[in-house]
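So this one's my_file18.cif, mmCIF, C-alpha atoms:
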```
data_final
#
loop_
_atom_site.label_atom_id
_atom_site.label_comp_id
_atom_site.auth_asym_id
_atom_site.auth_seq_id
_atom_site.Cartn_x
_atom_site.Cartn_y
_atom_site.Cartn_z
CA MET A 1 1.78 -16.30 -90.91
CA ASN A 2 0.21 -13.21 -89.27
CA LYS A 3 -1.96 -12.73 -92.33
CA LEU A 4 -3.01 -16.34 -92.24
CA ILE A 5 -4.10 -16.16 -88.60
CA TYR A 6 -5.97 -12.92 -89.35
CA LYS A 7 -7.77 -14.58 -92.30
CA VAL A 8 -8.75 -17.54 -90.13
CA PHE A 9 -10.14 -15.08 -87.56
CA ILE A 10 -12.15 -13.16 -90.15
CA LEU A 11 -13.39 -16.37 -91.73
CA LEU A 12 -14.52 -17.78 -88.41
CA THR A 13 -16.25 -14.55 -87.44
CA VAL A 14 -18.03 -14.27 -90.79
CA PHE A 15 -18.97 -17.95 -90.71
CA SER A 16 -20.27 -17.66 -87.18
CA CYS A 17 -22.37 -14.60 -87.95
CA SER A 18 -23.85 -15.90 -91.17
CA SER A 19 -24.47 -19.23 -89.56
CA ASN A 20 -26.27 -17.54 -86.67
CA ASP A 21 -28.41 -15.45 -88.97
CA GLN A 22 -29.30 -18.42 -91.04
CA ASN A 23 -30.09 -20.49 -87.95
CA GLU A 24 -32.27 -17.72 -86.65
CA LEU A 25 -34.19 -17.60 -89.90
CA GLU A 26 -34.49 -21.35 -90.04
CA ASN A 27 -35.56 -21.47 -86.41
CA GLN A 28 -38.30 -18.94 -87.12
CA LEU A 29 -39.47 -21.01 -90.02
CA ILE A 30 -39.47 -24.37 -88.31
CA GLU A 31 -39.99 -23.38 -84.70
CA LYS A 32 -43.63 -24.38 -84.59
CA ASN A 33 -43.03 -27.67 -86.31
CA ASP A 34 -40.02 -28.51 -84.12
CA THR A 35 -41.93 -27.88 -80.92
CA ALA A 36 -44.67 -30.19 -82.06
CA ILE A 37 -42.17 -32.93 -82.84
CA LYS A 38 -40.44 -32.45 -79.48
CA ILE A 39 -43.65 -32.66 -77.52
CA ASP A 40 -44.72 -35.74 -79.41
CA LYS A 41 -41.31 -37.31 -78.93
CA GLU A 42 -41.38 -36.77 -75.18
CA LEU A 43 -44.82 -38.29 -74.95
CA ILE A 44 -43.85 -41.20 -77.16
CA ASP A 45 -40.74 -41.86 -75.02
CA GLN A 46 -42.90 -41.86 -71.91
CA LEU A 47 -45.44 -44.18 -73.50
CA ILE A 48 -42.72 -46.57 -74.68
CA GLN A 49 -41.27 -46.69 -71.17
CA SER A 50 -44.66 -47.23 -69.60
CA PHE A 51 -45.32 -50.64 -71.14
CA PRO A 52 -45.39 -53.53 -68.68
CA SER A 53 -42.30 -55.69 -68.69
CA PRO A 54 -42.87 -59.22 -70.06
CA LEU A 55 -41.61 -60.42 -66.68
CA GLU A 56 -44.73 -58.98 -65.04
CA THR A 57 -47.07 -60.68 -67.51
CA SER A 58 -45.30 -64.04 -67.02
CA LEU A 59 -45.41 -63.66 -63.23
CA ILE A 60 -49.15 -63.00 -63.36
CA LEU A 61 -49.71 -66.06 -65.54
CA LYS A 62 -47.67 -68.23 -63.22
CA LYS A 63 -49.47 -66.90 -60.13
CA ALA A 64 -52.81 -67.63 -61.84
CA GLY A 65 -51.82 -71.30 -61.95
CA ASN A 66 -51.09 -71.68 -65.65
CA ASN A 67 -48.65 -74.46 -66.48
CA PHE A 68 -45.65 -73.85 -68.71
CA ASN A 69 -46.33 -74.48 -72.39
CA SER A 70 -43.44 -74.25 -74.85
CA GLU A 71 -45.60 -75.20 -77.85
CA MET A 72 -47.20 -71.78 -78.08
CA LEU A 73 -43.88 -69.89 -78.28
CA ILE A 74 -42.40 -68.66 -81.58
CA SER A 75 -40.14 -71.12 -83.30
CA THR A 76 -36.46 -70.18 -83.22
CA LYS A 77 -35.97 -71.97 -86.54
CA LYS A 78 -37.75 -69.46 -88.78
CA THR A 79 -35.82 -66.26 -88.22
CA GLU A 80 -35.00 -65.84 -91.92
CA LYS A 81 -38.57 -64.64 -92.48
CA PHE A 82 -37.69 -61.43 -90.61
CA ILE A 83 -35.96 -59.60 -93.44
CA THR A 84 -36.26 -55.87 -92.81
CA ASN A 85 -34.99 -54.03 -89.72
CA TYR A 86 -38.62 -53.31 -88.86
CA ASP A 87 -39.59 -57.00 -88.94
CA GLN A 88 -36.44 -57.84 -86.98
CA SER A 89 -37.28 -55.27 -84.30
CA ILE A 90 -40.76 -56.71 -83.79
CA ALA A 91 -39.20 -60.17 -83.63
CA ILE A 92 -36.59 -59.12 -81.03
CA GLY A 93 -39.38 -57.82 -78.80
CA ALA A 94 -41.39 -61.01 -79.26
CA TYR A 95 -38.45 -63.35 -78.62
CA GLY A 96 -37.63 -61.21 -75.57
CA ALA A 97 -41.16 -61.81 -74.25
CA ASP A 98 -40.76 -65.56 -74.82
CA LEU A 99 -37.40 -65.47 -73.04
CA ALA A 100 -38.98 -63.77 -70.02
CA TYR A 101 -41.74 -66.41 -69.98
CA ILE A 102 -39.14 -69.22 -70.15
CA ASN A 103 -37.07 -67.67 -67.37
CA ILE A 104 -39.97 -67.03 -65.01
CA TYR A 105 -40.95 -70.69 -65.33
CA ASP A 106 -37.33 -71.65 -64.65
CA LYS A 107 -36.86 -73.47 -67.99
CA SER A 108 -33.45 -72.05 -68.74
CA PHE A 109 -32.47 -75.04 -70.91
CA LEU A 110 -34.84 -73.56 -73.52
CA ALA A 111 -33.36 -70.10 -73.14
CA VAL A 112 -30.21 -70.96 -75.12
CA ASP A 113 -32.08 -71.14 -78.46
CA TYR A 114 -33.92 -67.91 -77.73
CA LEU A 115 -30.72 -66.12 -76.77
CA THR A 116 -29.06 -67.33 -79.99
CA THR A 117 -31.98 -66.01 -82.01
CA ILE A 118 -32.01 -62.66 -80.20
CA ARG A 119 -28.28 -62.40 -80.81
CA SER A 120 -28.60 -62.90 -84.57
CA LEU A 121 -31.47 -60.41 -84.82
CA SER A 122 -29.73 -57.83 -82.64
CA ILE A 123 -26.67 -57.97 -84.91
CA GLU A 124 -28.95 -57.07 -87.83
CA ILE A 125 -30.18 -53.90 -86.11
CA GLU A 126 -26.76 -53.19 -84.56
CA VAL A 127 -27.69 -53.44 -80.88
CA ASP A 128 -25.86 -56.69 -80.08
CA ARG A 129 -23.23 -54.84 -78.00
CA PHE A 130 -25.79 -54.36 -75.22
CA PHE A 131 -26.20 -58.08 -74.65
CA ASN A 132 -23.56 -60.01 -72.76
CA PHE A 133 -24.46 -63.15 -74.67
CA GLU A 134 -21.54 -65.22 -73.44
CA SER A 135 -22.46 -64.79 -69.77
CA MET A 136 -26.15 -65.23 -70.53
CA MET A 137 -25.49 -68.46 -72.46
CA LYS A 138 -23.35 -69.81 -69.62
CA LEU A 139 -26.11 -69.04 -67.11
CA ALA A 140 -28.75 -70.61 -69.35
CA LYS A 141 -26.70 -73.77 -69.94
CA SER A 142 -25.84 -74.27 -66.30
CA SER A 143 -29.42 -73.62 -65.08
CA SER A 144 -27.70 -72.57 -61.88
CA ASN A 145 -28.67 -68.97 -61.51
CA ILE A 146 -31.90 -68.10 -63.24
CA ASP A 147 -32.15 -64.81 -61.31
CA SER A 148 -28.88 -63.60 -62.82
CA LEU A 149 -30.06 -64.60 -66.28
CA ILE A 150 -33.32 -62.69 -65.77
CA HIS A 151 -31.39 -59.71 -64.49
CA LEU A 152 -28.90 -59.68 -67.38
CA SER A 153 -31.72 -60.00 -69.92
CA THR A 154 -33.65 -57.10 -68.36
CA GLU A 155 -30.53 -54.95 -68.14
CA SER A 156 -29.64 -55.63 -71.78
CA PHE A 157 -33.10 -54.75 -73.07
CA ASN A 158 -33.13 -51.57 -70.95
CA LYS A 159 -29.72 -50.50 -72.27
CA MET A 160 -30.82 -51.19 -75.83
CA GLU A 161 -33.93 -49.07 -75.30
CA VAL A 162 -31.88 -46.15 -73.95
CA PHE A 163 -29.42 -46.43 -76.87
CA LEU A 164 -32.14 -46.44 -79.52
CA LYS A 165 -33.80 -43.46 -77.84
CA ASP A 166 -30.53 -41.50 -77.65
CA LYS A 167 -29.72 -42.34 -81.28
CA GLY A 168 -33.12 -41.15 -82.42
CA ARG A 169 -34.09 -44.65 -83.61
CA ASP A 170 -37.46 -44.35 -81.93
CA GLU A 171 -39.20 -46.27 -84.66
CA LEU A 172 -37.21 -49.40 -83.77
CA SER A 173 -38.00 -48.91 -80.06
CA VAL A 174 -41.67 -48.61 -80.95
CA LEU A 175 -41.54 -51.88 -82.90
CA ILE A 176 -39.64 -53.72 -80.14
CA VAL A 177 -42.30 -52.61 -77.65
CA PHE A 178 -45.00 -53.64 -80.11
CA GLY A 179 -43.40 -57.08 -80.57
CA THR A 180 -43.04 -57.58 -76.82
CA TRP A 181 -46.65 -56.62 -76.20
CA LEU A 182 -47.96 -58.73 -79.10
CA GLU A 183 -46.22 -61.91 -77.93
CA SER A 184 -47.16 -61.35 -74.27
CA SER A 185 -50.75 -60.68 -75.27
CA TYR A 186 -50.72 -63.76 -77.49
CA ILE A 187 -49.52 -65.95 -74.60
CA ILE A 188 -52.36 -64.60 -72.44
CA SER A 189 -54.86 -65.20 -75.26
CA TYR A 190 -53.57 -68.69 -76.02
CA LEU A 191 -53.83 -69.74 -72.37
CA ALA A 192 -57.20 -68.03 -71.94
CA LYS A 193 -58.63 -69.79 -74.97
CA ASN A 194 -57.82 -73.14 -73.42
CA ASN A 195 -58.93 -72.20 -69.92
CA LEU A 196 -61.20 -69.16 -69.76
CA THR A 197 -61.28 -68.48 -66.04
CA SER A 198 -62.48 -65.11 -64.75
CA GLU A 199 -58.85 -64.25 -63.93
CA MET A 200 -57.78 -64.95 -67.52
CA LYS A 201 -60.79 -63.05 -68.86
CA ASN A 202 -59.62 -60.02 -66.87
CA GLN A 203 -56.08 -60.44 -68.18
CA VAL A 204 -57.39 -60.33 -71.75
CA ALA A 205 -59.65 -57.34 -71.03
CA GLU A 206 -56.86 -55.40 -69.32
CA GLN A 207 -54.87 -55.35 -72.55
CA LYS A 208 -57.29 -52.66 -73.71
CA GLU A 209 -55.14 -49.87 -72.26
CA SER A 210 -52.02 -51.22 -73.98
CA VAL A 211 -53.79 -51.36 -77.36
CA THR A 212 -54.89 -47.74 -76.98
CA LYS A 213 -51.35 -46.69 -76.04
CA LEU A 214 -49.85 -48.67 -78.92
CA LEU A 215 -52.16 -47.02 -81.43
CA ASN A 216 -51.12 -43.60 -80.13
CA ILE A 217 -47.45 -44.53 -80.45
CA LEU A 218 -47.82 -46.06 -83.91
CA HIS A 219 -49.68 -42.97 -85.14
CA SER A 220 -46.51 -40.96 -84.45
CA CYS A 221 -44.78 -42.97 -87.19
CA GLU A 222 -47.69 -43.32 -89.57
CA SER A 223 -45.99 -41.39 -92.36
CA GLU A 224 -44.38 -44.72 -93.22
CA GLU A 225 -46.39 -47.38 -95.00
CA TYR A 226 -45.13 -50.13 -92.66
CA PHE A 227 -46.63 -48.37 -89.65
CA LYS A 228 -49.86 -47.53 -91.47
CA ASN A 229 -50.29 -51.22 -92.11
CA LEU A 230 -49.69 -52.08 -88.44
CA ILE A 231 -52.21 -49.43 -87.38
CA SER A 232 -54.91 -50.82 -89.62
CA ARG A 233 -54.31 -54.35 -88.27
CA LEU A 234 -54.31 -53.20 -84.67
CA LYS A 235 -57.40 -51.07 -85.26
CA LYS A 236 -59.44 -54.26 -85.81
CA LEU A 237 -58.49 -55.39 -82.34
CA ASP A 238 -59.15 -51.94 -80.91
CA ASP A 239 -62.65 -51.94 -82.40
CA ILE A 240 -63.53 -55.06 -80.41
CA TYR A 241 -61.90 -53.64 -77.28
CA GLN A 242 -64.24 -50.64 -77.49
CA LYS A 243 -67.00 -52.99 -76.31
CA VAL A 244 -65.05 -53.69 -73.10
CA GLU A 245 -65.75 -51.35 -70.20
CA ILE A 246 -63.16 -50.92 -67.49
CA LYS A 247 -64.08 -48.84 -64.46
CA LYS A 248 -61.59 -48.04 -61.73
CA ILE A 249 -62.53 -47.04 -58.22
CA ILE A 250 -59.52 -45.40 -56.65
CA ARG A 251 -59.17 -45.56 -52.88
CA GLU A 252 -56.39 -44.37 -50.61
CA PRO A 253 -53.92 -47.21 -49.97
CA GLU A 254 -53.37 -48.57 -46.47
CA MET A 255 -49.85 -48.00 -45.16
CA ARG A 256 -47.93 -50.27 -42.77
CA GLU A 257 -44.36 -50.31 -41.57
CA GLU A 258 -42.97 -53.83 -41.87
CA ASN A 259 -39.36 -54.73 -41.07
CA GLY A 260 -38.17 -51.16 -41.52
CA SER A 261 -39.78 -50.92 -44.91
CA LEU A 262 -42.98 -49.10 -45.69
CA VAL A 263 -45.61 -51.28 -47.36
CA PHE A 264 -48.60 -49.82 -49.19
CA TYR A 265 -51.69 -51.95 -49.69
CA ASP A 266 -53.70 -50.76 -52.64
CA LYS A 267 -57.41 -50.63 -51.83
CA SER A 268 -58.56 -49.61 -55.29
CA GLU A 269 -60.85 -51.74 -57.38
CA THR A 270 -61.27 -52.49 -61.06
CA ILE A 271 -64.65 -53.43 -62.46
CA ILE A 272 -64.50 -55.05 -65.88
CA ASN A 273 -67.61 -55.33 -67.96
CA ALA A 274 -67.11 -57.58 -70.98
CA SER A 275 -69.17 -60.34 -72.53
CA GLU A 276 -67.64 -63.75 -73.06
CA LYS A 277 -68.37 -63.39 -76.78
CA ASP A 278 -66.31 -60.18 -76.98
CA ILE A 279 -63.46 -61.67 -74.96
CA LEU A 280 -63.38 -64.67 -77.30
CA SER A 281 -63.35 -62.35 -80.33
CA ILE A 282 -60.43 -60.43 -78.81
CA ILE A 283 -58.58 -63.69 -78.16
CA ASP A 284 -59.08 -64.84 -81.77
CA GLU A 285 -58.06 -61.47 -83.22
CA THR A 286 -54.94 -61.30 -81.02
CA ILE A 287 -53.88 -64.82 -82.02
CA ASN A 288 -54.59 -63.99 -85.64
CA LEU A 289 -52.53 -60.77 -85.54
CA ARG A 290 -49.58 -62.47 -83.84
CA ASN A 291 -49.59 -65.39 -86.26
CA GLN A 292 -49.73 -63.06 -89.25
CA LEU A 293 -46.70 -61.12 -88.08
CA LEU A 294 -44.59 -63.64 -86.21
CA LYS A 295 -45.45 -67.26 -86.98
CA MET B 1 5.07 -14.94 -85.79
CA ASN B 2 6.57 -16.89 -82.93
CA LEU B 3 5.12 -19.92 -81.16
CA LYS B 4 3.84 -17.82 -78.24
CA SER B 5 1.76 -15.56 -80.49
CA LEU B 6 0.42 -18.58 -82.34
CA THR B 7 -0.63 -20.23 -79.06
CA ILE B 8 -2.38 -17.05 -77.89
CA ALA B 9 -4.17 -16.73 -81.21
CA LEU B 10 -5.33 -20.34 -81.09
CA PHE B 11 -6.56 -19.82 -77.52
CA LEU B 12 -8.56 -16.81 -78.67
CA ILE B 13 -10.09 -18.79 -81.55
CA PHE B 14 -10.91 -21.64 -79.23
CA GLY B 15 -12.45 -19.25 -76.72
CA LEU B 16 -14.51 -17.63 -79.45
CA LEU B 17 -15.80 -21.00 -80.58
CA LEU B 18 -16.64 -22.02 -77.03
CA SER B 19 -18.73 -18.90 -76.58
CA PHE B 20 -21.11 -20.23 -79.24
CA VAL B 21 -21.61 -23.47 -77.41
CA SER B 22 -24.44 -23.20 -74.92
CA THR B 23 -24.44 -25.10 -71.64
CA PRO B 24 -27.52 -27.24 -71.16
CA GLU B 25 -29.78 -25.85 -68.46
CA TYR B 26 -30.89 -29.24 -67.29
CA ILE B 27 -29.24 -32.62 -67.36
CA GLY B 28 -31.63 -35.49 -66.75
CA LYS B 29 -29.10 -38.23 -66.07
CA CYS B 30 -26.07 -38.95 -63.98
CA SER B 31 -23.84 -41.97 -63.87
CA GLY B 32 -24.79 -43.50 -60.51
CA ASP B 33 -23.25 -46.84 -61.53
CA THR B 34 -21.96 -47.54 -58.00
CA GLU B 35 -25.37 -46.79 -56.46
CA TYR B 36 -27.06 -48.91 -59.10
CA LYS B 37 -24.86 -51.93 -58.28
CA LEU B 38 -25.38 -51.42 -54.55
CA GLY B 39 -29.13 -51.11 -55.07
CA LEU B 40 -29.26 -54.42 -56.93
CA THR B 41 -27.85 -56.20 -53.88
CA LYS B 42 -30.79 -54.86 -51.85
CA LEU B 43 -33.51 -56.19 -54.13
CA ASN B 44 -33.38 -59.76 -52.74
CA LYS B 45 -36.44 -61.64 -54.03
CA TYR B 46 -37.46 -58.75 -56.27
CA LYS B 47 -36.57 -58.63 -59.94
CA LEU B 48 -35.44 -55.39 -61.51
CA ILE B 49 -37.78 -53.89 -64.07
CA LYS B 50 -36.09 -50.53 -64.64
CA ASP B 51 -33.53 -48.18 -63.19
CA TYR B 52 -33.78 -44.41 -63.42
CA ARG B 53 -30.68 -42.21 -63.31
CA VAL B 54 -31.74 -38.90 -61.81
CA LYS B 55 -29.95 -35.56 -61.52
CA LEU B 56 -31.86 -32.47 -60.45
CA LYS B 57 -30.86 -28.85 -60.02
CA ASP B 58 -31.43 -26.66 -56.97
CA GLY B 59 -34.94 -25.32 -56.47
CA THR B 60 -37.04 -24.24 -53.53
CA PRO B 61 -39.07 -26.29 -51.03
CA GLU B 62 -42.23 -24.67 -52.46
CA ASN B 63 -41.22 -25.39 -56.01
CA PRO B 64 -38.91 -28.42 -56.02
CA PRO B 65 -37.51 -29.58 -59.36
CA THR B 66 -38.95 -32.96 -60.26
CA ILE B 67 -38.72 -35.51 -63.02
CA ASN B 68 -41.38 -38.08 -63.75
CA TYR B 69 -41.82 -41.30 -65.68
CA MET B 70 -44.89 -43.25 -66.66
CA ILE B 71 -44.92 -46.76 -65.24
CA SER B 72 -47.24 -49.71 -65.58
CA LEU B 73 -48.37 -51.67 -62.54
CA LYS B 74 -50.30 -54.91 -62.66
CA ALA B 75 -52.96 -56.00 -60.19
CA GLY B 76 -51.84 -58.97 -58.12
CA LEU B 77 -48.13 -58.08 -58.12
CA LYS B 78 -46.01 -56.53 -55.42
CA TYR B 79 -43.52 -53.84 -56.42
CA LYS B 80 -40.50 -52.33 -54.74
CA PHE B 81 -39.26 -48.75 -55.17
CA LEU B 82 -35.73 -48.20 -53.94
CA PRO B 83 -34.05 -44.75 -53.99
CA MET B 84 -30.23 -44.80 -53.96
CA ASN B 85 -28.40 -41.55 -53.21
CA ILE B 86 -24.85 -40.62 -54.16
CA PRO B 87 -22.71 -39.77 -51.08
CA ASP B 88 -22.41 -36.07 -52.12
CA ASN B 89 -26.15 -35.41 -51.84
CA LYS B 90 -27.10 -32.83 -49.23
CA SER B 91 -30.68 -34.08 -49.14
CA LYS B 92 -32.29 -37.41 -49.86
CA MET B 93 -34.03 -38.46 -53.04
CA ILE B 94 -37.77 -39.11 -52.79
CA MET B 95 -39.65 -41.55 -55.02
CA SER B 96 -43.43 -41.08 -55.15
CA ILE B 97 -46.16 -42.80 -57.14
CA TYR B 98 -49.05 -40.68 -58.28
CA LEU B 99 -52.23 -41.60 -60.07
CA ASN B 100 -51.80 -38.74 -62.50
CA LYS B 101 -49.24 -36.31 -63.82
CA GLU B 102 -50.88 -33.41 -61.99
CA LYS B 103 -49.91 -35.08 -58.69
CA THR B 104 -53.41 -34.76 -57.27
CA VAL B 105 -53.62 -38.35 -55.97
CA LEU B 106 -50.58 -39.68 -54.14
CA LEU B 107 -50.52 -43.47 -53.84
CA ALA B 108 -47.16 -44.15 -52.21
CA THR B 109 -43.95 -42.36 -51.31
CA THR B 110 -40.57 -43.04 -49.72
CA PHE B 111 -40.86 -39.85 -47.62
CA ASN B 112 -43.33 -39.16 -44.84
CA LYS B 113 -43.74 -35.38 -44.84
CA LEU B 114 -45.45 -35.32 -41.43
CA SER B 115 -42.76 -37.23 -39.56
CA GLY B 116 -39.91 -36.15 -41.84
CA LYS B 117 -38.86 -39.77 -42.13
CA HIS B 118 -37.25 -41.21 -45.25
CA TYR B 119 -37.75 -44.91 -45.89
CA PRO B 120 -34.95 -46.88 -47.54
CA SER B 121 -37.53 -48.48 -49.81
CA ILE B 122 -41.27 -48.93 -50.19
CA ASP B 123 -43.35 -51.88 -51.32
CA PHE B 124 -46.59 -51.48 -53.21
CA ASN B 125 -49.21 -54.26 -53.34
CA CYS B 126 -51.06 -53.41 -56.51
CA LYS B 127 -54.78 -54.15 -56.92
CA THR B 128 -55.48 -52.09 -60.03
CA THR B 129 -53.73 -52.59 -63.35
CA GLY B 130 -52.88 -49.33 -65.03
CA THR B 131 -50.49 -46.55 -65.85
CA PHE B 132 -49.14 -44.45 -63.02
CA TYR B 133 -46.55 -41.70 -62.60
CA LEU B 134 -43.29 -42.16 -60.77
CA PHE B 135 -41.93 -38.82 -59.54
CA PHE B 136 -38.41 -38.08 -58.32
CA GLU B 137 -37.41 -35.08 -56.23
CA PHE B 138 -34.96 -34.20 -53.47
CA GLU B 139 -36.11 -33.07 -50.01
CA ASN B 140 -36.59 -29.29 -49.74
CA GLY B 141 -36.09 -28.95 -53.48
CA MET B 142 -32.34 -29.29 -53.17
CA LYS B 143 -30.12 -30.47 -55.99
CA GLY B 144 -29.01 -34.05 -56.04
CA CYS B 145 -28.13 -37.13 -57.96
CA GLY B 146 -29.27 -40.69 -57.52
CA VAL B 147 -30.65 -43.88 -58.96
CA GLY B 148 -34.16 -45.17 -58.50
CA LEU B 149 -34.79 -48.89 -58.82
CA PHE B 150 -38.20 -50.26 -59.75
CA ALA B 151 -38.62 -53.99 -59.19
CA VAL B 152 -41.28 -56.70 -58.95
CA GLU B 153 -41.57 -59.55 -56.46
CA ASN B 154 -41.00 -63.01 -57.86
#
```
Target encoding structure tokens, full file:
Amino acid sequence: MNKLIYKVFILLTVFSCSSNDQNELENQLIEKNDTAIKIDKELIDQLIQSFPSPLETSLILKKAGNNFNSEMLISTKKTEKFITNYDQSIAIGAYGADLAYINIYDKSFLAVDYLTTIRSLSIEIEVDRFFNFESMMKLAKSSSNIDSLIHLSTESFNKMEVFLKDKGRDELSVLIVFGTWLESSYIISYLAKNNLTSEMKNQVAEQKESVTKLLNILHSCESEEYFKNLISRLKKLDDIYQKVEIKKIIREPEMREENGSLVFYDKSETIINASEKDILSIIDETINLRNQLLK
Amino acid sequence: MNLKSLTIALFLIFGLLLSFVSTPEYIGKCSGDTEYKLGLTKLNKYKLIKDYRVKLKDGTPENPPTINYMISLKAGLKYKFLPMNIPDNKSKMIMSIYLNKEKTVLLATTFNKLSGKHYPSIDFNCKTTGTFYLFFEFENGMKGCGVGLFAVEN
């Protein structure tokens, strides 16, 4: 027994030393490459997190006086067309954007179908555990507490994002963000096409920053053919956006204490310079891209 | 070899193995589940966009440890930033919005440096759509743990 313990000791010591040496060598060899990946990964994580929530887009549309329109949303009957995990991730993001739009307009009776679809897709990419579908379904069916439904949906998507990040499945996070943006941008474009007010023109133009960010994110995964294809499709849209000029004049916000809370009033200004022709081209290209990938 | 010797030997092996495991210098998250739930009750008409679990190590007032996140704000919407501290904190968590990562242009903060007053939350009426930086730190660069809630008015 003494000999056995001694052998285990020696073995562990030898293993540890050789392992260390080898790691050191490997580290020297891949150090530069690893650092580059880490830096990129941190930036990509930040960029993913920085995308506007579909709730915000829907709130803006509602505030701008747009009526609810269920016809433009993706059908929940055609989910079988999303075969690969990549397609399913884009679809989850897009259905999530539609769900936010439905909820903000207080049409929870429609939410049931969207929740069912998100559930089936989330099972495919193994993130269904983050959605409390039973509670969400109950809330949607009862139409009693839309705020709770909105909150549970947001919480579920946030948890899923954290999980995918921690598990190193960044490529799925990227595609979910892409799908969410694409559907939100499509809704803006669809509504703008039918009623091109100056407010809606600005909404279309302001997607420029998101397109630039998305291209940066997608480039981090471009070693895969799927992502290369997405980049080339999005590049067409980006080319038109290059004709849009957005100038920001930043001013110090005004600060007021109201009911014990501090309220900041932004005094900055955004000047958008875009021709109607370019905005219409962007609208058409956005609708085209969304229909190619999601319809 | 008796049981005692075997136990000592196993302890030594275990100790040896532990010595190869490094302790992380910096942990970016803490649970904060209680503070998160409490924070949600304070949002009222605001809808949660994201929650940030923050844990920072001790630093100095001149060089306080910080963590930052990129956030998107949309013109025409009103946002709420709500810092929630765990009871063990010796100093309060500060949430600040900057125009850039270099912190050269401060847009809003939950802490007024001049008066030394901490606000339980701040609201931000946004007029410019864009990407901003949300910074977290604890007063005087002290260590602390908390949850930051970022929400939008319905």
Residues of chain A within 7 Å of chain B, using only C-alpha atoms, as a PyMOL selection string?
chain A and resi 1-2+46-47+49-53+59+151+154+252-253+261-270
Write out as a PyMOL selection string the residues lying within 9 Å of stretch 159-161 of chain A, counting all atoms listed in the file and excluding same-chain residues fewer than 3 positions away.
chain A and resi 49+127-131+154-156+164-166+170+173+176
What's the separation between atom CA of B:Asp33 and atom CA of A:Glu134, in Å to one decimal place?
22.0 Å
Applying the PyMOL selection byres ((chain A and resi 286-295) around 8) to the file I just gave you, which residues come out? Please list them as a PyMOL selection string.
chain A and resi 74-75+91+182-183+185-186+189-190+233-234+237+282-285
Find the residues near A:Leu110: any atom within 10 Å, counting only C-alpha atoms, skip ones fewer than 5 places away on the same chain, and give them as a list of chain:residue names.
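Non-adjacent residues within range: A:Ser70, A:Leu99, A:Ile102, A:Asn103, A:Leu115, A:Ala140, A:Lys141.
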Within 8 Å of A:Trp181 using only C-alpha atoms, minus same-chain residues under 2 positions, as an NGL selection string:
:A and (51 or 54 or 93-94 or 97 or 177-179 or 183-185 or 210)
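Of the residues under consideration (B:Leu134, B:Ile86, B:Tyr98, B:Ile67), B:Ile86 shows the shortest atom-to-atom contact distance to B:Gly32 when counting all atoms listed in the file.
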For a cut-off of 12 Å around (-29.3, -69.9, -80.2), file coordinates, pick out all residues using only C-alpha atoms and list them as number ranges by chain.
A: 75-77, 79, 95, 99, 109-121, 133-134, 136-137, 140-141
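Pairwise distance (atom CA of A:Asn158, atom CA of A:Met200) equals 28.3 Å.
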Gap from atom CA of B:Asn89 to atom CA of B:Glu62 - Å, one decimal
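We find that atom CA of B:Asn89 and atom CA of B:Glu62 lie 19.3 Å from each other.
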Just write stretch 94-100 of chain B with N, CA, C and O atoms, as a PDB file, in the first residue's frame, taken from the block above.
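Saved file result00.pdb follows:
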```pdb
ATOM      1  N   ILE B  94     -22.426  53.111  -7.805  1.00  0.00           N
ATOM      2  CA  ILE B  94     -22.741  54.269  -8.649  1.00  0.00           C
ATOM      3  C   ILE B  94     -22.929  53.795 -10.090  1.00  0.00           C
ATOM      4  O   ILE B  94     -22.099  53.042 -10.612  1.00  0.00           O
ATOM      5  N   MET B  95     -24.020  54.224 -10.715  1.00  0.00           N
ATOM      6  CA  MET B  95     -24.235  53.924 -12.135  1.00  0.00           C
ATOM      7  C   MET B  95     -24.092  55.244 -12.896  1.00  0.00           C
ATOM      8  O   MET B  95     -24.741  56.226 -12.539  1.00  0.00           O
ATOM      9  N   SER B  96     -23.251  55.254 -13.913  1.00  0.00           N
ATOM     10  CA  SER B  96     -23.039  56.478 -14.697  1.00  0.00           C
ATOM     11  C   SER B  96     -23.092  56.160 -16.182  1.00  0.00           C
ATOM     12  O   SER B  96     -22.600  55.117 -16.610  1.00  0.00           O
ATOM     13  N   ILE B  97     -23.668  57.092 -16.933  1.00  0.00           N
ATOM     14  CA  ILE B  97     -23.730  56.910 -18.392  1.00  0.00           C
ATOM     15  C   ILE B  97     -22.758  57.881 -19.035  1.00  0.00           C
ATOM     16  O   ILE B  97     -22.835  59.094 -18.799  1.00  0.00           O
ATOM     17  N   TYR B  98     -21.882  57.342 -19.829  1.00  0.00           N
ATOM     18  CA  TYR B  98     -20.906  58.164 -20.537  1.00  0.00           C
ATOM     19  C   TYR B  98     -21.115  58.040 -22.042  1.00  0.00           C
ATOM     20  O   TYR B  98     -21.623  57.022 -22.524  1.00  0.00           O
ATOM     21  N   LEU B  99     -20.685  59.084 -22.727  1.00  0.00           N
ATOM     22  CA  LEU B  99     -20.786  59.082 -24.183  1.00  0.00           C
ATOM     23  C   LEU B  99     -19.775  58.109 -24.792  1.00  0.00           C
ATOM     24  O   LEU B  99     -20.011  57.523 -25.838  1.00  0.00           O
ATOM     25  N   ASN B 100     -18.639  57.967 -24.111  1.00  0.00           N
ATOM     26  CA  ASN B 100     -17.597  57.118 -24.674  1.00  0.00           C
ATOM     27  C   ASN B 100     -16.898  56.306 -23.572  1.00  0.00           C
ATOM     28  O   ASN B 100     -17.088  56.569 -22.383  1.00  0.00           O
TER      29      ASN B 100
END
```
